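Undergrad: Please read through the structure below; I'll follow up with questions.
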Number of protein chains: 2
Amino acid sequence: MPNFINFQTEPASYRHWRVEYDGQIATLYMDVDEDGGLFDGYQLKLNSYDLGVDIELADIVQRMRFEHPQVSAIVMRSGKDNVFCAGANIRMLGGAEHAHKVNFCKFTNETRNTYEAAGDDSGQHYICAIRGSCAGGGYELALACNHIILTDDGSSNVSLPEVPLLAVLPGTGGLTRVTDKRKLRRDRADIFCSTEEGVRGKRALDWHLVDELVTNSRFEEVISQRANEFAALSNQTANATGIILEPLKRDIGEDGSVTYSAIEVAVDRNAGHATIHISGPEEAAPANVEALHAEGAQTWMLRVARELDDAILHLRFNETELGVLIFKSSGDQQEVLTHEKLLLDNEQDWFAKEILLYWKRILKRIDLTSRSLVALVEPGSCFAGTLCEILFAVDRSFMADGEFEGDNRPIATIALSGSNFGHYPMSNDLTRLETRFLGNPENVETAKGSVDTILDAEQANELGLVTYALDDLDWEDDVRVFLEERASYSPDALSAMEANLRFAGPETMETRIFGRLTAWQNWIFQRPNAVGEEGALQRYGSGIRGKYDKRRV
Amino acid sequence: MPNFINFQTEPASYRHWRVEYDGQIATLYMDVDEDGGLFDGYQLKLNSYDLGVDIELADIVQRMRFEHPQVSAIVMRSGKDNVFCAGANIRMLGGAEHAHKVNFCKFTNETRNTYEAAGDDSGQHYICAIRGSCAGGGYELALACNHIILTDDGSSNVSLPEVPLLAVLPGTGGLTRVTDKRKLRRDRADIFCSTEEGVRGKRALDWHLVDELVTNSRFEEVISQRANEFAALSNQTANATGIILEPLKRDIGEDGSVTYSAIEVAVDRNAGHATIHISGPEEAAPANVEALHAEGAQTWMLRVARELDDAILHLRFNETELGVLIFKSSGDQQEVLTHEKLLLDNEQDWFAKEILLYWKRILKRIDLTSRSLVALVEPGSCFAGTLCEILFAVDRSFMADGEFEGDNRPIATIALSGSNFGHYPMSNDLTRLETRFLGNPENVETAKGSVDTILDAEQANELGLVTYALDDLDWEDDVRVFLEERASYSPDALSAMEANLRFAGPETMETRIFGRLTAWQNWIFQRPNAVGEEGALQRYGSGIRGKYDKRRV
């Protein structure tokens, strides 16, 4: 795989962002290298961004949590003089394949959601300080912050010019945050989202598009003041010492397989699926919090999380033809629970808590992956606690029932833990078990009663925790038929069906962004008015407007 | 307009449905005439349906409310021997334009929502009695009923085979009702929605896909029993006498204009917009409920509702290039309020109540119309009470401020009434004013304080009820610029943006169906895997499966 997209980076490699740390305050300078695009064919002018820029931002946000726990206020600002950020790069979008555009938007959305939640989750508050033009994806960077400061200099402005200028939608939650977070009056939202030049000054403040308007001369002073105020909101980790996120060990084979320390990804291109195998811990759990800190990024719960996260992103972007992801595990179930228990027992420790919060994000990333997801609970597997969430994230799960002929591994069992009952809400703000049992909430309570019990296939099936419990006579055929069937269906129809079926129950800003906005955006990215030869994306910069088919749909 | 789609029909013209009335119970027989398709090129085999079939159903549901108020249980069943309904006709879908497919799904959804709500709103409960195959859109007909009976004969089944068979989604709320109404466990929903042959017998009952399973021999007996039970739930109108919905007076001009008694639709094809002009009542309001009943379908509040409903549907289907709908009104504001007041004061009367409920449905239909909506409150206009809801349904409203030179009509004013504060919830279950003021709920209370006050433009603007208050110097230019600008944008981007901005706040089954499911369906209806030459819709019936691009998006 010579040309694959690599989601691993580190501060020394950044080309587009600069971070300055000063006690509890960090400052992020967006200073995009025009010539540092991930692909050929475009320049990243005016602080516009592509996936490469966002991979760095995601890395910064992630390291902020683990390497810089003492930080409690982060200022996001531009490293350029006259522009904050011009949004996603249009030529990149114009040239990218449909699937890349959609996956790009999903990843940037996940990064926005991550730092938006960092205030509540980890006491790391993001402040956006805007001077110059802040357009499209640039304003969406701001919308996900906890506080937006805009200079009142007669020209600095915020805008979502996608509809009038590009015939597409703001793709990173802009519409949803305008209506549901900033709560713009609907006619004002209509004006704002269809006005190329955006809104500046007092109107931006009156319409609540920004939280604060300051003169140019007071810009630095107010930034510093707000940073200190937000920093003061959470100072319990002011003296914490971070751990280092060392580079992952990863080996990508010629055949597409990916080998990490605890995760192996096997690929079957003919069958169109990838198998993600999770190995349980090989070493005993750290004895206490001090030992956990000493293990740092190598502790099993964090190591496997980082590897799983990377594997999912790799498959999403670099293996688009593998339509089914199969999750398997092997190892000592009890050890999994012991490793997890140390974290659950020590949530007051910032590091233990951050590992659990990271799992929350990864599990959401799995929910939002537009592939058919299946778990195979085979003899010798170690699905327990956190790993059981994968069973509730997948579209279907198969569990081996009893002994399998010629297989001397322990029979398949699973075990729930406290983590399955609140630590890992989905985007809809319900746990996966609450979502699963929407029609029978009493089943959640029954399942809770089984915490720490080792459940065999019959018991797991009885509790409704798996889709199928199959003995060795049926196992192979049933799994094969399912995989063949799935591979024979239209990938589009499956993506859309799964997106509708996975998120029953309440809706939140997140489910709206991923379910509603993404679907509309997907549609628009197919329409000639946007992507056709005479469409707005292709004609952008030519001085000629897109030519539109006027029929309304 | 020789070949336009006509939404007006009457029982004597039905080709596809038969209705039998027996006291409080009505029975709807779906018995589709194979040769009665709305367009050429397909036969409506196996009780499959096209828009024409659904127009008749919508007419039945509407007349049930007004002409047969004594009915409180409606049995929906098949008039054919071995099939309940095969769903939307595939050849029709394969041959229809994209815009028609999308509008068709929207209309059928509106009809499903209407009879689903009839139980709670009007005490008319729908019971679905299934014998034979009930597939796709057929099962979606059932899902919107209040009670589903299935025969346990070893072959009768329910299914949503769209994904495996046709590479599209169930388009009439199937996925949403499976997860959020029937609350299927997610992995079972996955199985159900990807299994061509569907589910029958005990499993259908166990999974709560149906409410009741009966043997063939008891089928008639149980239907009759349930019908009587549901009928007994609401017998307050058992002795009511309906009013007759006489045919609308409607004249469609060569130029595309449409003239009704109180509504005029003017068309400007070059500019790409239609103007819907509502005339206030010319006669005094009925003095009391008896007079209201005597006026029947001719009473202004009902007459204008029926005409407006027809005009909106006509524009949606027959005038897809008119991207902007402009609402205007003229007449005596006080008379509008007087007509409305009789209904509000007499909600215990079934007829008064039904007129208000009908307005609720029409206003939702306006919200869901994928055109840019604008209201012009000009001198002499009569926006008041119910008609003010239009000002809150549109994307932007312009109100004339003060006297206009050379215009001797009364200055523009508006007036709220009690109906603006609860009678007309949107699909998100909030009123339009609650949605408008999501960020400032206190503004709803302030607006309530102005009920029955005549508000000039300055006051209306101060209360946040209109977008712009413009004097005669600015009016013409500002309105013109808005209309020109809107006409210059991509219709797709506008449809998608408006669908995202109009429904802030909570989500419901309805907003999910129209916002989330419809967007995914729109996308799929564009993808070669469904509609391409080798796609599933084109190949349907050929014996060859669709050929799919395997890349996941």
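Order determines the names: the first chain of the structure tokens is A, the second B, and so forth; residues in each chain are numbered 1 upward, and ligands are numbered 1 upward as they are shown.
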Any chance you could list, as a PyMOL selection string, the residues in segment 183-273 of chain B that come up alpha helix (DSSP H) when DSSP is run on the backbone?
TA: chain B and resi 186-193+201-206+219-233
Undergrad: When the cut-off is 7 Å and we count only C-alpha atoms, which residues of chain B are near chain A, given as a PyMOL selection string?
TA: chain B and resi 99+102+163-164+167-169+175+179-180+183-187+189-190+320-321+323+370-371+395-396+436-439+467+489-494+496-497+500-502+504-505+507+515-516+519-520+522-524+526+529+548+550-553
Undergrad: Enumerate the residues of segment 299-381 of chain A with a DSSP assignment of strand (DSSP E or B), computed from the backbone, and present them as a PyMOL selection string.
TA: chain A and resi 324-330+372-377
Undergrad: Within 10 Å of Asp251 of chain A, counting only C-alpha atoms, which residues qualify if same-chain residues fewer than 5 places away don't, as a list in words?
TA: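 The residues satisfying every condition are Gly256, Ser257, Val258, Thr259, Tyr260, Ser261 and Glu264 of chain A.
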Undergrad: Could those residues be written to a file, using C-alpha atoms, as a PDB file, in the first residue's frame?
TA:
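This went into selection32.pdb:
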```pdb
ATOM      1  CA  GLY A 256      -3.423  -5.431   3.015  1.00  0.00           C
ATOM      2  CA  SER A 257      -3.239  -7.059   6.427  1.00  0.00           C
ATOM      3  CA  VAL A 258      -2.360  -4.758   9.306  1.00  0.00           C
ATOM      4  CA  THR A 259      -0.586  -5.990  12.406  1.00  0.00           C
ATOM      5  CA  TYR A 260      -0.428  -4.027  15.629  1.00  0.00           C
ATOM      6  CA  SER A 261       0.549  -5.279  19.060  1.00  0.00           C
ATOM      7  CA  GLU A 264      -4.667  -7.805  13.743  1.00  0.00           C
TER       8      GLU A 264
END
```
Undergrad: List the spatial neighbours of Pro69 of chain B as an mmCIF file with all heavy atoms, in the first residue's frame - criterion: any atom at most 12 Å away, only C-alpha atoms, same-chain residues fewer than 5 positions off excluded.
TA:
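Output file selection22.cif is given in full below:
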```
data_model
loop_
_atom_site.group_PDB
_atom_site.id
_atom_site.type_symbol
_atom_site.label_atom_id
_atom_site.label_comp_id
_atom_site.auth_asym_id
_atom_site.auth_seq_id
_atom_site.Cartn_x
_atom_site.Cartn_y
_atom_site.Cartn_z
ATOM 1 N N TYR B 21 -69.460 0.944 4.438
ATOM 2 C CA TYR B 21 -69.752 1.589 5.718
ATOM 3 C C TYR B 21 -70.821 0.800 6.449
ATOM 4 O O TYR B 21 -71.814 0.385 5.861
ATOM 5 C CB TYR B 21 -70.230 3.033 5.490
ATOM 6 C CG TYR B 21 -69.143 3.901 4.902
ATOM 7 C CD1 TYR B 21 -69.060 4.099 3.522
ATOM 8 C CD2 TYR B 21 -68.191 4.511 5.724
ATOM 9 C CE1 TYR B 21 -68.050 4.886 2.973
ATOM 10 C CE2 TYR B 21 -67.183 5.294 5.184
ATOM 11 C CZ TYR B 21 -67.118 5.471 3.804
ATOM 12 O OH TYR B 21 -66.128 6.238 3.275
ATOM 13 N N GLY B 23 -72.359 1.532 10.125
ATOM 14 C CA GLY B 23 -72.403 2.196 11.424
ATOM 15 C C GLY B 23 -71.071 2.814 11.770
ATOM 16 O O GLY B 23 -70.523 3.614 10.997
ATOM 17 N N GLN B 24 -70.508 2.426 12.924
ATOM 18 C CA GLN B 24 -69.241 3.022 13.348
ATOM 19 C C GLN B 24 -68.032 2.397 12.654
ATOM 20 O O GLN B 24 -66.913 2.791 12.909
ATOM 21 C CB GLN B 24 -69.066 2.864 14.866
ATOM 22 C CG GLN B 24 -69.972 3.800 15.668
ATOM 23 C CD GLN B 24 -69.676 3.692 17.145
ATOM 24 O OE1 GLN B 24 -70.522 3.244 17.909
ATOM 25 N NE2 GLN B 24 -68.481 4.091 17.550
ATOM 26 N N ILE B 25 -68.287 1.372 11.859
ATOM 27 C CA ILE B 25 -67.168 0.640 11.258
ATOM 28 C C ILE B 25 -67.150 0.814 9.739
ATOM 29 O O ILE B 25 -68.182 0.712 9.073
ATOM 30 C CB ILE B 25 -67.261 -0.854 11.617
ATOM 31 C CG1 ILE B 25 -67.104 -1.007 13.138
ATOM 32 C CG2 ILE B 25 -66.192 -1.667 10.878
ATOM 33 C CD1 ILE B 25 -67.444 -2.383 13.668
ATOM 34 N N ALA B 26 -65.966 1.108 9.233
ATOM 35 C CA ALA B 26 -65.804 1.156 7.773
ATOM 36 C C ALA B 26 -64.766 0.118 7.380
ATOM 37 O O ALA B 26 -63.830 -0.143 8.126
ATOM 38 C CB ALA B 26 -65.363 2.544 7.333
ATOM 39 N N VAL B 61 -59.375 8.809 3.324
ATOM 40 C CA VAL B 61 -59.024 9.175 4.702
ATOM 41 C C VAL B 61 -59.589 10.547 5.052
ATOM 42 O O VAL B 61 -60.091 10.775 6.157
ATOM 43 C CB VAL B 61 -57.483 9.142 4.856
ATOM 44 C CG1 VAL B 61 -57.053 9.748 6.162
ATOM 45 C CG2 VAL B 61 -56.971 7.703 4.737
ATOM 46 N N GLN B 62 -59.522 11.446 4.092
ATOM 47 C CA GLN B 62 -60.025 12.806 4.298
ATOM 48 C C GLN B 62 -61.557 12.804 4.411
ATOM 49 O O GLN B 62 -62.127 13.411 5.313
ATOM 50 C CB GLN B 62 -59.567 13.683 3.117
ATOM 51 C CG GLN B 62 -60.149 15.074 3.067
ATOM 52 C CD GLN B 62 -59.460 16.014 4.039
ATOM 53 O OE1 GLN B 62 -58.816 15.585 4.999
ATOM 54 N NE2 GLN B 62 -59.607 17.298 3.820
ATOM 55 N N ARG B 63 -62.226 12.093 3.515
ATOM 56 C CA ARG B 63 -63.694 12.044 3.576
ATOM 57 C C ARG B 63 -64.172 11.321 4.825
ATOM 58 O O ARG B 63 -65.246 11.596 5.349
ATOM 59 C CB ARG B 63 -64.265 11.368 2.321
ATOM 60 C CG ARG B 63 -64.150 12.245 1.096
ATOM 61 C CD ARG B 63 -64.787 11.622 -0.145
ATOM 62 N NE ARG B 63 -64.276 12.294 -1.334
ATOM 63 C CZ ARG B 63 -64.808 13.422 -1.838
ATOM 64 N NH1 ARG B 63 -65.886 13.957 -1.289
ATOM 65 N NH2 ARG B 63 -64.273 13.995 -2.904
ATOM 66 N N MET B 64 -63.373 10.348 5.308
ATOM 67 C CA MET B 64 -63.742 9.644 6.533
ATOM 68 C C MET B 64 -63.933 10.646 7.669
ATOM 69 O O MET B 64 -64.867 10.547 8.456
ATOM 70 C CB MET B 64 -62.637 8.641 6.898
ATOM 71 C CG MET B 64 -63.060 7.539 7.828
ATOM 72 S SD MET B 64 -64.262 6.406 7.096
ATOM 73 C CE MET B 64 -63.215 5.473 5.978
ATOM 74 N N ILE B 74 -61.692 1.669 11.366
ATOM 75 C CA ILE B 74 -61.563 1.428 9.935
ATOM 76 C C ILE B 74 -60.682 0.200 9.723
ATOM 77 O O ILE B 74 -59.558 0.158 10.222
ATOM 78 C CB ILE B 74 -60.926 2.640 9.213
ATOM 79 C CG1 ILE B 74 -61.797 3.880 9.370
ATOM 80 C CG2 ILE B 74 -60.714 2.339 7.735
ATOM 81 C CD1 ILE B 74 -61.339 4.846 10.413
ATOM 82 N N ALA B 118 -55.147 9.717 13.048
ATOM 83 C CA ALA B 118 -56.610 9.853 13.091
ATOM 84 C C ALA B 118 -57.202 9.272 14.375
ATOM 85 O O ALA B 118 -58.245 9.723 14.851
ATOM 86 C CB ALA B 118 -57.243 9.208 11.861
ATOM 87 N N SER B 122 -59.002 12.197 16.097
ATOM 88 C CA SER B 122 -60.429 12.197 15.771
ATOM 89 C C SER B 122 -61.148 10.937 16.212
ATOM 90 O O SER B 122 -62.303 10.728 15.860
ATOM 91 C CB SER B 122 -60.603 12.349 14.243
ATOM 92 O OG SER B 122 -59.884 13.451 13.772
ATOM 93 N N GLY B 123 -60.452 10.064 16.936
ATOM 94 C CA GLY B 123 -61.108 8.833 17.356
ATOM 95 C C GLY B 123 -61.433 7.892 16.202
ATOM 96 O O GLY B 123 -62.345 7.072 16.298
ATOM 97 N N GLN B 124 -60.679 8.005 15.099
ATOM 98 C CA GLN B 124 -60.873 7.052 14.000
ATOM 99 C C GLN B 124 -59.654 6.139 13.949
ATOM 100 O O GLN B 124 -58.571 6.571 13.528
ATOM 101 C CB GLN B 124 -61.066 7.794 12.671
ATOM 102 C CG GLN B 124 -62.346 8.631 12.665
ATOM 103 C CD GLN B 124 -62.742 9.150 11.274
ATOM 104 O OE1 GLN B 124 -61.894 9.443 10.438
ATOM 105 N NE2 GLN B 124 -64.049 9.265 11.048
ATOM 106 N N HIS B 125 -59.828 4.912 14.393
ATOM 107 C CA HIS B 125 -58.704 3.983 14.504
ATOM 108 C C HIS B 125 -58.618 3.058 13.304
ATOM 109 O O HIS B 125 -59.617 2.491 12.888
ATOM 110 C CB HIS B 125 -58.841 3.147 15.783
ATOM 111 C CG HIS B 125 -58.908 3.984 17.021
ATOM 112 N ND1 HIS B 125 -60.102 4.409 17.559
ATOM 113 C CD2 HIS B 125 -57.935 4.501 17.809
ATOM 114 C CE1 HIS B 125 -59.871 5.147 18.629
ATOM 115 N NE2 HIS B 125 -58.561 5.220 18.810
ATOM 116 N N ALA B 231 -63.974 0.536 17.804
ATOM 117 C CA ALA B 231 -65.097 1.456 17.613
ATOM 118 C C ALA B 231 -65.626 1.939 18.952
ATOM 119 O O ALA B 231 -65.985 3.113 19.118
ATOM 120 C CB ALA B 231 -66.202 0.777 16.812
ATOM 121 N N SER B 234 -64.277 5.216 21.028
ATOM 122 C CA SER B 234 -64.694 6.611 20.837
ATOM 123 C C SER B 234 -66.056 6.616 20.169
ATOM 124 O O SER B 234 -66.166 6.404 18.972
ATOM 125 C CB SER B 234 -63.679 7.366 19.983
ATOM 126 O OG SER B 234 -63.307 6.600 18.873
ATOM 127 N N ASN B 235 -67.079 6.833 20.960
ATOM 128 C CA ASN B 235 -68.416 6.797 20.381
ATOM 129 C C ASN B 235 -69.144 8.128 20.523
ATOM 130 O O ASN B 235 -70.349 8.202 20.364
ATOM 131 C CB ASN B 235 -69.233 5.646 20.992
ATOM 132 C CG ASN B 235 -69.208 5.727 22.506
ATOM 133 O OD1 ASN B 235 -68.743 6.719 23.070
ATOM 134 N ND2 ASN B 235 -69.707 4.687 23.163
ATOM 135 N N GLN B 236 -68.365 9.192 20.828
ATOM 136 C CA GLN B 236 -69.043 10.478 21.030
ATOM 137 C C GLN B 236 -69.637 11.032 19.743
ATOM 138 O O GLN B 236 -70.532 11.860 19.783
ATOM 139 C CB GLN B 236 -68.118 11.505 21.702
ATOM 140 C CG GLN B 236 -66.955 12.001 20.871
ATOM 141 C CD GLN B 236 -65.747 11.076 20.971
ATOM 142 O OE1 GLN B 236 -65.872 9.861 21.139
ATOM 143 N NE2 GLN B 236 -64.568 11.648 20.859
ATOM 144 N N THR B 237 -69.128 10.573 18.581
ATOM 145 C CA THR B 237 -69.688 11.088 17.331
ATOM 146 C C THR B 237 -70.496 10.010 16.604
ATOM 147 O O THR B 237 -70.749 10.104 15.407
ATOM 148 C CB THR B 237 -68.565 11.590 16.393
ATOM 149 O OG1 THR B 237 -67.605 10.548 16.260
ATOM 150 C CG2 THR B 237 -67.909 12.842 16.933
ATOM 151 N N ALA B 238 -70.915 8.995 17.356
ATOM 152 C CA ALA B 238 -71.605 7.868 16.724
ATOM 153 C C ALA B 238 -72.865 8.302 15.980
ATOM 154 O O ALA B 238 -73.255 7.685 14.991
ATOM 155 C CB ALA B 238 -71.940 6.812 17.779
ATOM 156 N N ASN B 239 -73.464 9.387 16.437
ATOM 157 C CA ASN B 239 -74.695 9.826 15.783
ATOM 158 C C ASN B 239 -74.512 11.084 14.937
ATOM 159 O O ASN B 239 -75.484 11.705 14.506
ATOM 160 C CB ASN B 239 -75.782 10.070 16.827
ATOM 161 C CG ASN B 239 -76.085 8.786 17.592
ATOM 162 O OD1 ASN B 239 -76.262 7.731 16.997
ATOM 163 N ND2 ASN B 239 -76.093 8.876 18.918
ATOM 164 N N ALA B 240 -73.250 11.468 14.742
ATOM 165 C CA ALA B 240 -72.997 12.696 13.978
ATOM 166 C C ALA B 240 -73.365 12.508 12.510
ATOM 167 O O ALA B 240 -73.313 11.401 11.987
ATOM 168 C CB ALA B 240 -71.524 13.075 14.088
ATOM 169 N N THR B 241 -73.730 13.606 11.880
ATOM 170 C CA THR B 241 -74.009 13.575 10.453
ATOM 171 C C THR B 241 -72.918 14.336 9.729
ATOM 172 O O THR B 241 -72.630 15.493 10.075
ATOM 173 C CB THR B 241 -75.360 14.248 10.152
ATOM 174 O OG1 THR B 241 -76.342 13.622 10.974
ATOM 175 C CG2 THR B 241 -75.728 14.074 8.683
ATOM 176 N N GLY B 242 -72.307 13.701 8.789
ATOM 177 C CA GLY B 242 -71.193 14.327 8.092
ATOM 178 C C GLY B 242 -71.620 15.462 7.179
ATOM 179 O O GLY B 242 -72.816 15.692 6.963
ATOM 180 N N ILE B 243 -70.634 16.156 6.682
ATOM 181 C CA ILE B 243 -70.903 17.164 5.657
ATOM 182 C C ILE B 243 -70.287 16.633 4.359
ATOM 183 O O ILE B 243 -69.430 15.769 4.386
ATOM 184 C CB ILE B 243 -70.323 18.540 6.035
ATOM 185 C CG1 ILE B 243 -68.808 18.460 6.165
ATOM 186 C CG2 ILE B 243 -70.923 19.061 7.325
ATOM 187 C CD1 ILE B 243 -68.052 18.987 5.025
ATOM 188 N N ILE B 244 -70.755 17.140 3.256
ATOM 189 C CA ILE B 244 -70.275 16.645 1.969
ATOM 190 C C ILE B 244 -69.139 17.527 1.441
ATOM 191 O O ILE B 244 -69.244 18.752 1.448
ATOM 192 C CB ILE B 244 -71.424 16.634 0.925
ATOM 193 C CG1 ILE B 244 -72.587 15.742 1.411
ATOM 194 C CG2 ILE B 244 -70.919 16.135 -0.449
ATOM 195 C CD1 ILE B 244 -72.221 14.296 1.578
ATOM 196 N N ASP B 349 -67.384 20.549 19.119
ATOM 197 C CA ASP B 349 -68.138 20.130 17.936
ATOM 198 C C ASP B 349 -67.199 19.445 16.958
ATOM 199 O O ASP B 349 -66.145 19.987 16.602
ATOM 200 C CB ASP B 349 -68.779 21.360 17.275
ATOM 201 C CG ASP B 349 -69.474 20.989 15.973
ATOM 202 O OD1 ASP B 349 -70.503 20.280 16.050
ATOM 203 O OD2 ASP B 349 -68.964 21.355 14.886
ATOM 204 N N TRP B 350 -67.556 18.261 16.514
ATOM 205 C CA TRP B 350 -66.624 17.489 15.674
ATOM 206 C C TRP B 350 -66.229 18.229 14.416
ATOM 207 O O TRP B 350 -65.078 18.169 13.981
ATOM 208 C CB TRP B 350 -67.213 16.111 15.334
ATOM 209 C CG TRP B 350 -68.315 16.164 14.292
ATOM 210 C CD1 TRP B 350 -69.659 16.216 14.518
ATOM 211 C CD2 TRP B 350 -68.136 16.205 12.861
ATOM 212 N NE1 TRP B 350 -70.347 16.294 13.341
ATOM 213 C CE2 TRP B 350 -69.440 16.280 12.300
ATOM 214 C CE3 TRP B 350 -67.047 16.186 12.021
ATOM 215 C CZ2 TRP B 350 -69.659 16.346 10.924
ATOM 216 C CZ3 TRP B 350 -67.259 16.254 10.632
ATOM 217 C CH2 TRP B 350 -68.551 16.320 10.110
ATOM 218 N N PHE B 351 -67.175 18.948 13.813
ATOM 219 C CA PHE B 351 -66.894 19.597 12.531
ATOM 220 C C PHE B 351 -65.938 20.780 12.716
ATOM 221 O O PHE B 351 -64.949 20.929 11.985
ATOM 222 C CB PHE B 351 -68.217 20.037 11.880
ATOM 223 C CG PHE B 351 -68.077 20.671 10.523
ATOM 224 C CD1 PHE B 351 -67.195 20.153 9.574
ATOM 225 C CD2 PHE B 351 -68.837 21.794 10.184
ATOM 226 C CE1 PHE B 351 -67.078 20.737 8.311
ATOM 227 C CE2 PHE B 351 -68.724 22.381 8.923
ATOM 228 C CZ PHE B 351 -67.836 21.854 7.991
ATOM 229 N N ALA B 352 -66.219 21.598 13.734
ATOM 230 C CA ALA B 352 -65.311 22.717 14.032
ATOM 231 C C ALA B 352 -63.903 22.186 14.283
ATOM 232 O O ALA B 352 -62.912 22.705 13.763
ATOM 233 C CB ALA B 352 -65.823 23.495 15.249
ATOM 234 N N LYS B 353 -63.833 21.121 15.069
ATOM 235 C CA LYS B 353 -62.535 20.550 15.401
ATOM 236 C C LYS B 353 -61.837 19.990 14.155
ATOM 237 O O LYS B 353 -60.626 20.174 13.977
ATOM 238 C CB LYS B 353 -62.750 19.435 16.437
ATOM 239 C CG LYS B 353 -61.483 18.759 16.910
ATOM 240 C CD LYS B 353 -61.803 17.726 17.996
ATOM 241 C CE LYS B 353 -60.756 16.635 18.041
ATOM 242 N NZ LYS B 353 -61.254 15.393 18.619
ATOM 243 N N GLU B 354 -62.588 19.324 13.309
ATOM 244 C CA GLU B 354 -61.964 18.743 12.116
ATOM 245 C C GLU B 354 -61.389 19.807 11.190
ATOM 246 O O GLU B 354 -60.376 19.582 10.530
ATOM 247 C CB GLU B 354 -62.957 17.862 11.349
ATOM 248 C CG GLU B 354 -63.219 16.503 11.984
ATOM 249 C CD GLU B 354 -61.950 15.641 12.131
ATOM 250 O OE1 GLU B 354 -60.985 15.846 11.390
ATOM 251 O OE2 GLU B 354 -61.939 14.775 13.029
#
```
